[in-house]
file work_25.cif (mmCIF, C-alpha atoms)
data_query
loop_
_atom_site.group_PDB
_atom_site.id
_atom_site.type_symbol
_atom_site.label_atom_id
_atom_site.label_comp_id
_atom_site.auth_asym_id
_atom_site.auth_seq_id
_atom_site.Cartn_x
_atom_site.Cartn_y
_atom_site.Cartn_z
ATOM 1 C CA MET M 1 -10.769 4.672 -16.263
ATOM 2 C CA GLU M 2 -9.568 1.321 -17.575
ATOM 3 C CA ASN M 3 -8.474 -1.113 -14.842
ATOM 4 C CA ILE M 4 -5.433 -3.021 -16.066
ATOM 5 C CA LYS M 5 -3.961 -5.352 -13.477
ATOM 6 C CA ALA M 6 -0.177 -5.386 -13.662
ATOM 7 C CA VAL M 7 2.740 -6.765 -11.690
ATOM 8 C CA VAL M 8 5.642 -4.292 -11.730
ATOM 9 C CA SER M 9 9.154 -5.516 -10.987
ATOM 10 C CA LEU M 10 11.616 -2.865 -9.793
ATOM 11 C CA GLY M 11 15.373 -3.296 -10.228
ATOM 12 C CA HIS M 12 18.299 -1.806 -8.299
ATOM 13 C CA GLU M 13 18.140 1.476 -10.249
ATOM 14 C CA ALA M 14 14.688 2.153 -8.808
ATOM 15 C CA LEU M 15 15.908 1.803 -5.227
ATOM 16 C CA GLY M 16 19.471 2.994 -4.861
ATOM 17 C CA ILE M 17 21.909 1.362 -2.450
ATOM 18 C CA THR M 18 22.425 3.419 0.722
ATOM 19 C CA THR M 19 19.653 4.568 3.053
ATOM 20 C CA ASN M 20 19.657 8.118 1.660
ATOM 21 C CA GLU M 21 19.945 6.919 -1.938
ATOM 22 C CA GLN M 22 16.958 4.640 -1.432
ATOM 23 C CA MET M 23 14.821 7.366 0.097
ATOM 24 C CA ASN M 24 15.555 9.694 -2.816
ATOM 25 C CA ALA M 25 15.291 6.981 -5.469
ATOM 26 C CA THR M 26 11.879 5.790 -4.297
ATOM 27 C CA ARG M 27 10.511 9.322 -4.653
ATOM 28 C CA VAL M 28 11.489 9.248 -8.338
ATOM 29 C CA THR M 29 10.186 5.692 -8.689
ATOM 30 C CA ALA M 30 6.902 6.709 -7.075
ATOM 31 C CA ARG M 31 6.293 9.264 -9.836
ATOM 32 C CA ALA M 32 6.659 6.570 -12.514
ATOM 33 C CA LEU M 33 4.371 4.212 -10.586
ATOM 34 C CA ALA M 34 1.810 6.975 -10.101
ATOM 35 C CA ASP M 35 1.901 7.642 -13.853
ATOM 36 C CA LEU M 36 0.934 4.002 -14.399
ATOM 37 C CA ILE M 37 -1.887 4.250 -11.862
ATOM 38 C CA GLU M 38 -3.183 7.445 -13.488
ATOM 39 C CA ALA M 39 -3.096 5.617 -16.839
ATOM 40 C CA GLY M 40 -5.523 3.013 -15.462
ATOM 41 C CA TYR M 41 -3.235 0.378 -13.972
ATOM 42 C CA GLN M 42 -3.729 -1.349 -10.641
ATOM 43 C CA LEU M 43 -0.330 -2.450 -9.411
ATOM 44 C CA VAL M 44 1.233 -5.282 -7.481
ATOM 45 C CA ILE M 45 4.822 -4.164 -6.999
ATOM 46 C CA THR M 46 7.811 -6.383 -6.321
ATOM 47 C CA HIS M 47 11.406 -5.296 -6.053
ATOM 48 C CA SER M 48 15.043 -6.307 -5.798
ATOM 49 C CA ASN M 49 16.894 -6.266 -2.477
ATOM 50 C CA GLY M 50 20.498 -7.281 -3.252
ATOM 51 C CA PRO M 51 22.348 -4.300 -1.738
ATOM 52 C CA GLN M 52 19.809 -3.931 1.071
ATOM 53 C CA VAL M 53 19.836 -7.532 2.303
ATOM 54 C CA SER M 54 23.614 -7.627 2.061
ATOM 55 C CA MET M 55 23.841 -4.435 4.143
ATOM 56 C CA ILE M 56 21.478 -5.830 6.781
ATOM 57 C CA HIS M 57 23.303 -9.156 6.918
ATOM 58 C CA LYS M 58 26.638 -7.356 7.274
ATOM 59 C CA ALA M 59 25.315 -5.089 10.036
ATOM 60 C CA MET M 60 23.804 -7.945 12.031
ATOM 61 C CA THR M 61 26.956 -10.049 11.674
ATOM 62 C CA GLU M 62 29.172 -7.178 12.841
ATOM 63 C CA LEU M 63 26.860 -6.544 15.798
ATOM 64 C CA HIS M 64 27.312 -10.162 16.832
ATOM 65 C CA ARG M 65 31.098 -9.855 16.449
ATOM 66 C CA ILE M 66 31.227 -6.801 18.733
ATOM 67 C CA TYR M 67 28.551 -7.891 21.223
ATOM 68 C CA ILE M 68 28.775 -11.651 21.473
ATOM 69 C CA ASP M 69 25.453 -11.901 23.356
ATOM 70 C CA TYR M 70 23.615 -10.669 20.260
ATOM 71 C CA THR M 71 22.656 -13.531 17.967
ATOM 72 C CA ALA M 72 23.669 -13.185 14.325
ATOM 73 C CA ALA M 73 20.504 -12.905 12.202
ATOM 74 C CA PRO M 74 19.853 -15.834 9.850
ATOM 75 C CA MET M 75 19.479 -15.070 6.159
ATOM 76 C CA CYS M 76 15.693 -15.538 6.183
ATOM 77 C CA VAL M 77 15.397 -12.861 8.892
ATOM 78 C CA CYS M 78 17.621 -10.497 6.895
ATOM 79 C CA ASN M 79 15.307 -11.060 3.912
ATOM 80 C CA ALA M 80 12.300 -10.200 6.070
ATOM 81 C CA MET M 81 14.004 -7.043 7.331
ATOM 82 C CA SER M 82 14.787 -5.942 3.787
ATOM 83 C CA GLN M 83 11.162 -6.450 2.739
ATOM 84 C CA GLY M 84 9.978 -4.164 5.497
ATOM 85 C CA TYR M 85 12.737 -1.586 4.963
ATOM 86 C CA VAL M 86 12.352 -1.303 1.185
ATOM 87 C CA GLY M 87 8.589 -1.736 1.264
ATOM 88 C CA TYR M 88 8.233 1.106 3.745
ATOM 89 C CA ASP M 89 10.085 3.584 1.507
ATOM 90 C CA ILE M 90 8.138 2.571 -1.619
ATOM 91 C CA GLN M 91 4.805 2.600 0.231
ATOM 92 C CA ASN M 92 5.464 5.954 1.849
ATOM 93 C CA SER M 93 6.711 7.606 -1.348
ATOM 94 C CA LEU M 94 3.936 6.200 -3.530
ATOM 95 C CA LYS M 95 1.190 7.162 -1.072
ATOM 96 C CA THR M 96 2.619 10.679 -0.869
ATOM 97 C CA GLU M 97 2.816 11.000 -4.649
ATOM 98 C CA LEU M 98 -0.712 9.674 -5.191
ATOM 99 C CA THR M 99 -2.178 11.980 -2.549
ATOM 100 C CA SER M 100 -0.463 14.975 -4.170
ATOM 101 C CA ARG M 101 -2.333 14.057 -7.366
ATOM 102 C CA GLY M 102 -5.686 13.728 -5.605
ATOM 103 C CA ILE M 103 -5.631 9.911 -5.707
ATOM 104 C CA TYR M 104 -6.476 8.283 -2.384
ATOM 105 C CA THR M 105 -6.008 4.609 -3.199
ATOM 106 C CA PRO M 106 -4.587 2.643 -0.242
ATOM 107 C CA VAL M 107 -1.048 1.282 -0.579
ATOM 108 C CA SER M 108 -0.028 -1.784 1.449
ATOM 109 C CA THR M 109 3.184 -3.739 1.945
ATOM 110 C CA LEU M 110 2.778 -7.440 2.659
ATOM 111 C CA LEU M 111 5.528 -9.498 4.259
ATOM 112 C CA THR M 112 5.652 -12.467 1.899
ATOM 113 C CA GLN M 113 7.055 -15.985 2.239
ATOM 114 C CA VAL M 114 7.881 -18.211 -0.738
ATOM 115 C CA THR M 115 8.430 -21.950 -0.464
ATOM 116 C CA VAL M 116 11.495 -23.570 -2.018
ATOM 117 C CA ASP M 117 12.602 -27.166 -2.508
ATOM 118 C CA PRO M 118 15.244 -28.216 0.073
ATOM 119 C CA TYR M 119 16.725 -30.467 -2.615
ATOM 120 C CA ASP M 120 16.964 -27.701 -5.207
ATOM 121 C CA GLU M 121 20.333 -28.004 -6.961
ATOM 122 C CA ALA M 122 21.082 -24.383 -6.037
ATOM 123 C CA PHE M 123 21.679 -25.454 -2.421
ATOM 124 C CA TYR M 124 24.552 -27.650 -3.572
ATOM 125 C CA ALA M 125 26.117 -25.008 -5.817
ATOM 126 C CA PRO M 126 25.373 -21.548 -4.325
ATOM 127 C CA THR M 127 26.319 -18.493 -6.370
ATOM 128 C CA LYS M 128 24.988 -15.357 -4.641
ATOM 129 C CA ALA M 129 27.646 -13.368 -2.739
ATOM 130 C CA ILE M 130 26.496 -11.512 0.387
ATOM 131 C CA GLY M 131 27.963 -9.557 3.257
ATOM 132 C CA ARG M 132 31.428 -8.182 3.929
ATOM 133 C CA HIS M 133 34.807 -9.339 2.665
ATOM 134 C CA MET M 134 36.430 -11.678 5.181
ATOM 135 C CA SER M 135 39.934 -12.786 6.054
ATOM 136 C CA ARG M 136 41.007 -16.368 5.412
ATOM 137 C CA GLU M 137 40.587 -17.086 9.122
ATOM 138 C CA ASP M 138 36.989 -15.810 9.162
ATOM 139 C CA ALA M 139 36.249 -17.664 5.933
ATOM 140 C CA ASP M 140 37.502 -20.927 7.457
ATOM 141 C CA ALA M 141 35.204 -20.326 10.435
ATOM 142 C CA GLU M 142 32.239 -19.916 8.092
ATOM 143 C CA VAL M 143 33.097 -23.170 6.322
ATOM 144 C CA LYS M 144 33.209 -24.966 9.685
ATOM 145 C CA LYS M 145 29.648 -23.744 10.290
ATOM 146 C CA GLY M 146 28.585 -25.416 7.036
ATOM 147 C CA ASN M 147 28.441 -22.209 4.987
ATOM 148 C CA PHE M 148 29.955 -21.651 1.549
ATOM 149 C CA VAL M 149 32.563 -18.988 0.819
ATOM 150 C CA LYS M 150 34.206 -17.673 -2.323
ATOM 151 C CA GLU M 151 37.498 -15.863 -2.742
ATOM 152 C CA GLU M 152 37.501 -12.557 -4.589
ATOM 153 C CA PRO M 153 41.148 -11.976 -5.563
ATOM 154 C CA GLY M 154 42.671 -8.936 -3.921
ATOM 155 C CA LYS M 155 39.609 -8.361 -1.720
ATOM 156 C CA GLY M 156 39.240 -11.410 0.486
ATOM 157 C CA TYR M 157 36.466 -13.938 0.930
ATOM 158 C CA ARG M 158 32.689 -13.569 0.876
ATOM 159 C CA ARG M 159 29.928 -15.874 1.920
ATOM 160 C CA ILE M 160 27.831 -17.238 -0.938
ATOM 161 C CA ILE M 161 24.298 -18.557 -0.671
ATOM 162 C CA ALA M 162 21.827 -20.416 -2.849
ATOM 163 C CA ALA M 163 19.215 -18.931 -5.189
ATOM 164 C CA PRO M 164 16.600 -21.720 -5.451
ATOM 165 C CA LYS M 165 13.563 -21.586 -7.700
ATOM 166 C CA PRO M 166 10.277 -20.441 -6.109
ATOM 167 C CA ILE M 167 7.541 -23.030 -5.658
ATOM 168 C CA ASP M 168 4.563 -21.372 -3.966
ATOM 169 C CA ILE M 169 3.805 -17.866 -2.694
ATOM 170 C CA VAL M 170 2.459 -18.547 0.803
ATOM 171 C CA GLU M 171 0.449 -15.320 1.115
ATOM 172 C CA ILE M 172 -0.962 -15.339 -2.444
ATOM 173 C CA ASP M 173 -4.573 -15.372 -1.170
ATOM 174 C CA ALA M 174 -3.866 -12.322 0.999
ATOM 175 C CA ILE M 175 -2.357 -10.542 -2.012
ATOM 176 C CA ARG M 176 -5.462 -11.376 -4.080
ATOM 177 C CA ALA M 177 -7.716 -10.075 -1.289
ATOM 178 C CA LEU M 178 -5.887 -6.741 -1.216
ATOM 179 C CA VAL M 179 -6.021 -6.490 -5.022
ATOM 180 C CA ASP M 180 -9.749 -7.305 -4.998
ATOM 181 C CA ALA M 181 -10.180 -4.536 -2.414
ATOM 182 C CA GLY M 182 -8.713 -2.069 -4.910
ATOM 183 C CA GLN M 183 -5.382 -1.498 -3.187
ATOM 184 C CA GLU M 184 -1.935 -1.007 -4.657
ATOM 185 C CA VAL M 185 0.169 -3.794 -3.153
ATOM 186 C CA ILE M 186 3.893 -4.262 -2.526
ATOM 187 C CA ALA M 187 4.666 -7.965 -2.129
ATOM 188 C CA CYS M 188 7.317 -10.661 -2.627
ATOM 189 C CA GLY M 189 10.050 -8.072 -2.093
ATOM 190 C CA GLY M 190 13.540 -9.336 -2.810
ATOM 191 C CA GLY M 191 12.042 -12.523 -4.262
ATOM 192 C CA GLY M 192 10.181 -13.271 -1.047
ATOM 193 C CA ILE M 193 11.411 -14.819 2.199
ATOM 194 C CA PRO M 194 12.530 -18.338 1.214
ATOM 195 C CA VAL M 195 11.000 -21.011 3.451
ATOM 196 C CA ILE M 196 10.956 -24.805 3.457
ATOM 197 C CA GLU M 197 7.817 -26.741 4.381
ATOM 198 C CA GLN M 198 8.412 -29.214 7.197
ATOM 199 C CA GLY M 199 5.045 -30.726 8.002
ATOM 200 C CA HIS M 200 2.873 -27.828 9.166
ATOM 201 C CA VAL M 201 5.936 -25.652 9.893
ATOM 202 C CA LEU M 202 7.585 -23.167 7.529
ATOM 203 C CA LYS M 203 11.306 -23.022 8.259
ATOM 204 C CA GLY M 204 13.393 -20.138 6.929
ATOM 205 C CA ALA M 205 16.031 -21.116 4.372
ATOM 206 C CA SER M 206 19.532 -19.699 4.049
ATOM 207 C CA ALA M 207 18.948 -18.479 0.518
ATOM 208 C CA VAL M 208 17.633 -15.704 -1.683
ATOM 209 C CA ILE M 209 15.153 -15.951 -4.556
ATOM 210 C CA GLU M 210 15.699 -14.140 -7.847
ATOM 211 C CA LYS M 211 13.270 -11.218 -7.995
ATOM 212 C CA ASP M 212 12.667 -11.780 -11.731
ATOM 213 C CA ALA M 213 11.680 -15.398 -11.101
ATOM 214 C CA ILE M 214 9.164 -14.386 -8.442
ATOM 215 C CA ALA M 215 7.815 -11.542 -10.612
ATOM 216 C CA GLY M 216 6.930 -14.023 -13.373
ATOM 217 C CA LYS M 217 5.303 -16.403 -10.913
ATOM 218 C CA LEU M 218 3.431 -13.630 -9.094
ATOM 219 C CA ALA M 219 1.999 -12.320 -12.367
ATOM 220 C CA ALA M 220 1.053 -15.858 -13.391
ATOM 221 C CA ASP M 221 -0.617 -16.715 -10.065
ATOM 222 C CA LEU M 222 -2.632 -13.481 -10.141
ATOM 223 C CA MET M 223 -3.430 -13.904 -13.864
ATOM 224 C CA SER M 224 -2.427 -10.290 -14.341
ATOM 225 C CA ASP M 225 -3.014 -8.492 -17.602
ATOM 226 C CA ARG M 226 0.586 -7.309 -17.769
ATOM 227 C CA LEU M 227 4.005 -7.890 -16.307
ATOM 228 C CA ILE M 228 6.139 -4.735 -16.401
ATOM 229 C CA ILE M 229 9.838 -5.240 -15.717
ATOM 230 C CA LEU M 230 11.752 -2.021 -15.075
ATOM 231 C CA THR M 231 15.492 -2.339 -15.529
ATOM 232 C CA SER M 232 18.525 -0.239 -16.474
ATOM 233 C CA VAL M 233 17.946 -0.195 -20.251
ATOM 234 C CA PRO M 234 14.965 1.090 -22.296
ATOM 235 C CA TYR M 235 14.853 -2.017 -24.522
ATOM 236 C CA VAL M 236 15.923 -5.622 -24.692
ATOM 237 C CA TYR M 237 18.749 -5.780 -27.218
ATOM 238 C CA ARG M 238 20.254 -8.214 -29.674
ATOM 239 C CA ASN M 239 24.055 -8.211 -29.808
ATOM 240 C CA PHE M 240 24.061 -6.156 -26.619
ATOM 241 C CA GLU M 241 27.075 -3.870 -26.135
ATOM 242 C CA THR M 242 28.561 -4.715 -29.529
ATOM 243 C CA PRO M 243 28.786 -2.629 -32.745
ATOM 244 C CA LYS M 244 25.791 -4.621 -34.037
ATOM 245 C CA GLU M 245 23.570 -3.830 -31.047
ATOM 246 C CA GLU M 246 19.917 -3.332 -31.982
ATOM 247 C CA PRO M 247 16.772 -2.971 -29.865
ATOM 248 C CA ILE M 248 14.100 -5.642 -29.981
ATOM 249 C CA LEU M 249 10.763 -3.849 -30.217
ATOM 250 C CA LYS M 250 8.522 -6.911 -30.160
ATOM 251 C CA MET M 251 8.868 -10.658 -29.804
ATOM 252 C CA ASN M 252 6.777 -13.669 -28.927
ATOM 253 C CA VAL M 253 7.577 -16.645 -26.710
ATOM 254 C CA GLU M 254 8.862 -18.766 -29.575
ATOM 255 C CA THR M 255 11.226 -16.024 -30.753
ATOM 256 C CA ALA M 256 12.361 -15.409 -27.175
ATOM 257 C CA ARG M 257 13.303 -19.076 -26.838
ATOM 258 C CA GLU M 258 15.267 -18.863 -30.099
ATOM 259 C CA TYR M 259 17.181 -15.866 -28.780
ATOM 260 C CA ILE M 260 17.889 -17.726 -25.531
ATOM 261 C CA ALA M 261 19.233 -20.723 -27.462
ATOM 262 C CA ALA M 262 21.464 -18.354 -29.445
ATOM 263 C CA GLY M 263 22.900 -16.888 -26.218
ATOM 264 C CA GLU M 264 21.571 -13.378 -26.846
ATOM 265 C CA PHE M 265 20.783 -12.575 -23.208
ATOM 266 C CA GLY M 266 23.200 -12.170 -20.300
ATOM 267 C CA GLU M 267 22.809 -14.961 -17.757
ATOM 268 C CA VAL M 268 22.730 -12.700 -14.703
ATOM 269 C CA ASP M 269 20.875 -9.685 -16.090
ATOM 270 C CA MET M 270 18.505 -10.035 -19.059
ATOM 271 C CA LEU M 271 18.028 -13.822 -19.263
ATOM 272 C CA PRO M 272 16.122 -14.081 -15.925
ATOM 273 C CA LYS M 273 13.768 -11.344 -17.146
ATOM 274 C CA ILE M 274 13.021 -13.158 -20.406
ATOM 275 C CA GLU M 275 12.466 -16.405 -18.495
ATOM 276 C CA ALA M 276 10.058 -14.576 -16.162
ATOM 277 C CA ALA M 277 8.184 -13.285 -19.221
ATOM 278 C CA ILE M 278 7.855 -16.818 -20.588
ATOM 279 C CA THR M 279 6.616 -18.136 -17.221
ATOM 280 C CA PHE M 280 3.890 -15.501 -17.120
ATOM 281 C CA LEU M 281 2.823 -15.825 -20.755
ATOM 282 C CA ASN M 282 2.614 -19.609 -20.531
ATOM 283 C CA ALA M 283 0.064 -19.092 -17.732
ATOM 284 C CA ASN M 284 -1.809 -16.219 -19.398
ATOM 285 C CA LYS M 285 -1.532 -16.452 -23.163
ATOM 286 C CA ASN M 286 -3.495 -13.207 -23.515
ATOM 287 C CA GLY M 287 -1.106 -11.304 -21.297
ATOM 288 C CA GLN M 288 1.651 -8.889 -22.279
ATOM 289 C CA VAL M 289 5.126 -8.262 -20.907
ATOM 290 C CA LEU M 290 6.833 -4.888 -21.138
ATOM 291 C CA ILE M 291 10.552 -4.568 -20.410
ATOM 292 C CA THR M 292 11.944 -1.051 -20.245
ATOM 293 C CA SER M 293 13.740 1.412 -17.991
ATOM 294 C CA LEU M 294 12.190 3.479 -15.228
ATOM 295 C CA GLY M 295 12.778 6.708 -17.143
ATOM 296 C CA ALA M 296 11.191 5.360 -20.321
ATOM 297 C CA VAL M 297 7.918 4.146 -18.796
ATOM 298 C CA SER M 298 5.795 7.027 -20.094
ATOM 299 C CA ASP M 299 7.121 6.598 -23.632
ATOM 300 C CA ALA M 300 6.740 2.818 -23.365
ATOM 301 C CA LEU M 301 3.039 3.159 -22.533
ATOM 302 C CA LYS M 302 2.676 5.105 -25.800
ATOM 303 C CA GLY M 303 4.573 2.487 -27.779
ATOM 304 C CA LYS M 304 7.608 4.753 -28.177
ATOM 305 C CA ALA M 305 10.020 2.697 -26.059
ATOM 306 C CA GLY M 306 10.386 -0.696 -24.440
ATOM 307 C CA THR M 307 10.253 -4.280 -25.616
ATOM 308 C CA LEU M 308 6.795 -5.860 -25.812
ATOM 309 C CA ILE M 309 6.577 -9.636 -25.436
ATOM 310 C CA THR M 310 3.439 -11.658 -26.184
ATOM 311 C CA PHE M 311 2.670 -15.380 -26.377
ATOM 312 C CA ASN M 312 1.979 -15.420 -30.138
#
call {"tool": "encode", "arguments": {"input": "work_25.cif", "output": "structure tokens"}}
result
Amino acid sequence: MENIKAVVSLGHEALGITTNEQMNATRVTARALADLIEAGYQLVITHSNGPQVSMIHKAMTELHRIYIDYTAAPMCVCNAMSQGYVGYDIQNSLKTELTSRGIYTPVSTLLTQVTVDPYDEAFYAPTKAIGRHMSREDADAEVKKGNFVKEEPGKGYRRIIAAPKPIDIVEIDAIRALVDAGQEVIACGGGGIPVIEQGHVLKGASAVIEKDAIAGKLAADLMSDRLIILTSVPYVYRNFETPKEEPILKMNVETAREYIAAGEFGEVDMLPKIEAAITFLNANKNGQVLITSLGAVSDALKGKAGTLITFN
């Protein structure tokens, strides 16, 4: 069986939102991942965590409000919790699915830290909304703590945090060791736990890292053969959601940059995925990037769906 090393990035559709949704969704996701493994892929899996980390942050904040002796969990801790929570469901479901197919490859989840620059511009202009809607009074209290808030008309206020660029994956050598040992690995969940280096100490940052950005870097650091980004659509499109919409079957890095300059990709959905593809392909010019939906993976492996991106 051919051994193709691939980083797979899972979006929200692969995980669901609530606890029950996630448990059910990961069973479906596990079948698609197992199909890849049966086709000869060895996987390093990363995933989103937006709804999950927001839920955890909200729960911990409310616990502190009700029981004042409980300390509200900082954002870095909420990120760590979400890695374990999501990683557990993926690991459990994938191991179960593989075993049912007579495949006994170990599956491991690795709690992963990612360093960020404390002077990253994102810290001065945060954009990521988290947690519950607050009253004006609660929002003012957050501002006094040094946090940022944003008003959502008709709903209230929400805390917003930074999304800095990743610098280094702290546990990259541990990930490589698990890959070299033949394991399927779940790592850098939710973009990784953002930390700032202060001498020999890693201090958790009040931030989140874009999961697409870390997927591109993870694939580049591991020099993977492929980066597979699973999202809500089976292709990358030109003129998306217009009468002139058309799927892009193939493109190279140069063409991708031309499309970016022309504003073809949504800033919060498809653009980060294309940028992740470019990051990976600049590091491994022989690599390939496949962007497709979870349900179209089997067809994409046969060249019947998905957008394939190469360096040349």
call {"tool": "resolve_selection", "arguments": {"input": "work_25.cif", "expression": "the PyMOL selection byres ((chain M and resi 3) around 12)", "output": "list of chain:residue names"}}
result
M:Met1, M:Glu2, M:Ile4, M:Lys5, M:Ala6, M:Leu36, M:Ile37, M:Glu38, M:Ala39, M:Gly40, M:Tyr41, M:Gln42, M:Leu43, M:Val179, M:Asp180, M:Gly182, M:Ser224, M:Asp225, M:Arg226
call {"tool": "resolve_selection", "arguments": {"input": "work_25.cif", "expression": "the PyMOL selection byres ((chain M and resi 98) around 12)", "output": "list in words"}}
result
Arg27, Ala30, Arg31, Ala32, Leu33, Ala34, Asp35, Leu36, Ile37, Glu38, Ile90, Gln91, Asn92, Ser93, Leu94, Lys95, Thr96, Glu97, Thr99, Ser100, Arg101, Gly102, Ile103, Tyr104, Thr105, Pro106, Val107 and Glu184 of chain M
call {"tool": "resolve_selection", "arguments": {"input": "work_25.cif", "expression": "the PyMOL selection byres ((chain M and resi 168) around 6)", "output": "MDAnalysis selection string"}}
result
chainID M and resid 114:115 167 169:170
call {"tool": "closest_residue", "arguments": {"input": "work_25.cif", "among": "M:Arg65, M:Lys150, M:His47, M:Arg257", "to": "Gly87 (chain M)", "atoms": "only C-alpha atoms"}}
result
M:His47
call {"tool": "closest_residue", "arguments": {"input": "work_25.cif", "among": "M:Gly146, M:Gly191, M:Gln52, M:Tyr70", "to": "Gln113 (chain M)", "atoms": "all atoms listed in the file"}}
result
M:Gly191
call {"tool": "closest_atom_pairs", "arguments": {"input": "work_25.cif", "of": "region 198-260 of chain M", "to": "region 291-310 of chain M", "cutoff": "7 Å", "atoms": "all atoms listed in the file", "output": "CSV"}}
result
residue,atom,partner,partner_atom,distance
M:Ile228,CA,M:Ile291,CA,6.0
M:Ile229,CA,M:Ile291,CA,4.8
M:Leu230,CA,M:Ser293,CA,4.9
M:Thr231,CA,M:Ser293,CA,4.8
M:Ser232,CA,M:Ser293,CA,5.3
M:Val233,CA,M:Ser293,CA,5.0
M:Pro234,CA,M:Thr292,CA,4.2
M:Tyr235,CA,M:Gly306,CA,4.7
M:Val236,CA,M:Thr307,CA,5.9
M:Ile248,CA,M:Thr307,CA,6.0
M:Leu249,CA,M:Thr307,CA,4.6
M:Lys250,CA,M:Leu308,CA,4.8
M:Met251,CA,M:Ile309,CA,5.0
M:Asn252,CA,M:Thr310,CA,4.8
M:Val253,CA,M:Thr310,CA,6.5
call {"tool": "residues_near_point", "arguments": {"input": "work_25.cif", "point": "(-5.9, -15.5, -11.6)", "cutoff": "12 Å", "atoms": "only C-alpha atoms", "output": "ChimeraX atom specification"}}
result
/M:5-6,172-173,175-177,179-180,217-225,280,283-284,287
call {"tool": "closest_residue", "arguments": {"input": "work_25.cif", "among": "M:Val86, M:Ala213, M:Ala181, M:Leu111", "to": "Asn20 (chain M)", "atoms": "only C-alpha atoms"}}
result
M:Val86
call {"tool": "atom_distance", "arguments": {"input": "work_25.cif", "atom1": "CA of Ala59 (chain M)", "atom2": "CA of Pro166 (chain M)"}}
result
26.9 Å
call {"tool": "closest_residue", "arguments": {"input": "work_25.cif", "among": "M:His57, M:Ala72, M:Ala141, M:Asp89", "to": "Ala25 (chain M)", "atoms": "all atoms listed in the file"}}
result
M:Asp89
call {"tool": "closest_residue", "arguments": {"input": "work_25.cif", "among": "M:Pro118, M:Ile209, M:Ser54, M:Gln22", "to": "Arg158 (chain M)", "atoms": "all atoms listed in the file"}}
result
M:Ser54
call {"tool": "closest_residue", "arguments": {"input": "work_25.cif", "among": "M:Ser135, M:Gln288, M:Thr242, M:Thr18", "to": "Gly216 (chain M)", "atoms": "all atoms listed in the file"}}
result
M:Gln288
call {"tool": "residues_near_point", "arguments": {"input": "work_25.cif", "point": "(6.4, -8.8, -5.4)", "cutoff": "6 Å", "atoms": "only C-alpha atoms", "output": "CSV table (one decimal) with C-alpha atoms, in the coordinates of the input"}}
result
chain,number,residue,atom,x,y,z
M,45,ILE,CA,4.8,-4.2,-7.0
M,46,THR,CA,7.8,-6.4,-6.3
M,186,ILE,CA,3.9,-4.3,-2.5
M,187,ALA,CA,4.7,-8.0,-2.1
M,188,CYS,CA,7.3,-10.7,-2.6
M,189,GLY,CA,10.0,-8.1,-2.1
call {"tool": "atom_distance", "arguments": {"input": "work_25.cif", "atom1": "CA of Gly154 (chain M)", "atom2": "CA of Ile56 (chain M)"}}
result
23.9 Å
call {"tool": "residues_around", "arguments": {"input": "work_25.cif", "residues": "Glu210 (chain M)", "least_positions_apart": "2", "cutoff": "12 Å", "atoms": "all atoms listed in the file", "output": "PyMOL selection string"}}
result
chain M and resi 9+11+46-50+114+116+122+127-128+162-166+188-194+207-208+212-217+268-269+271-273+275-276
call {"tool": "atom_distance", "arguments": {"input": "work_25.cif", "atom1": "CA of Thr279 (chain M)", "atom2": "CA of Val8 (chain M)"}}
result
14.9 Å
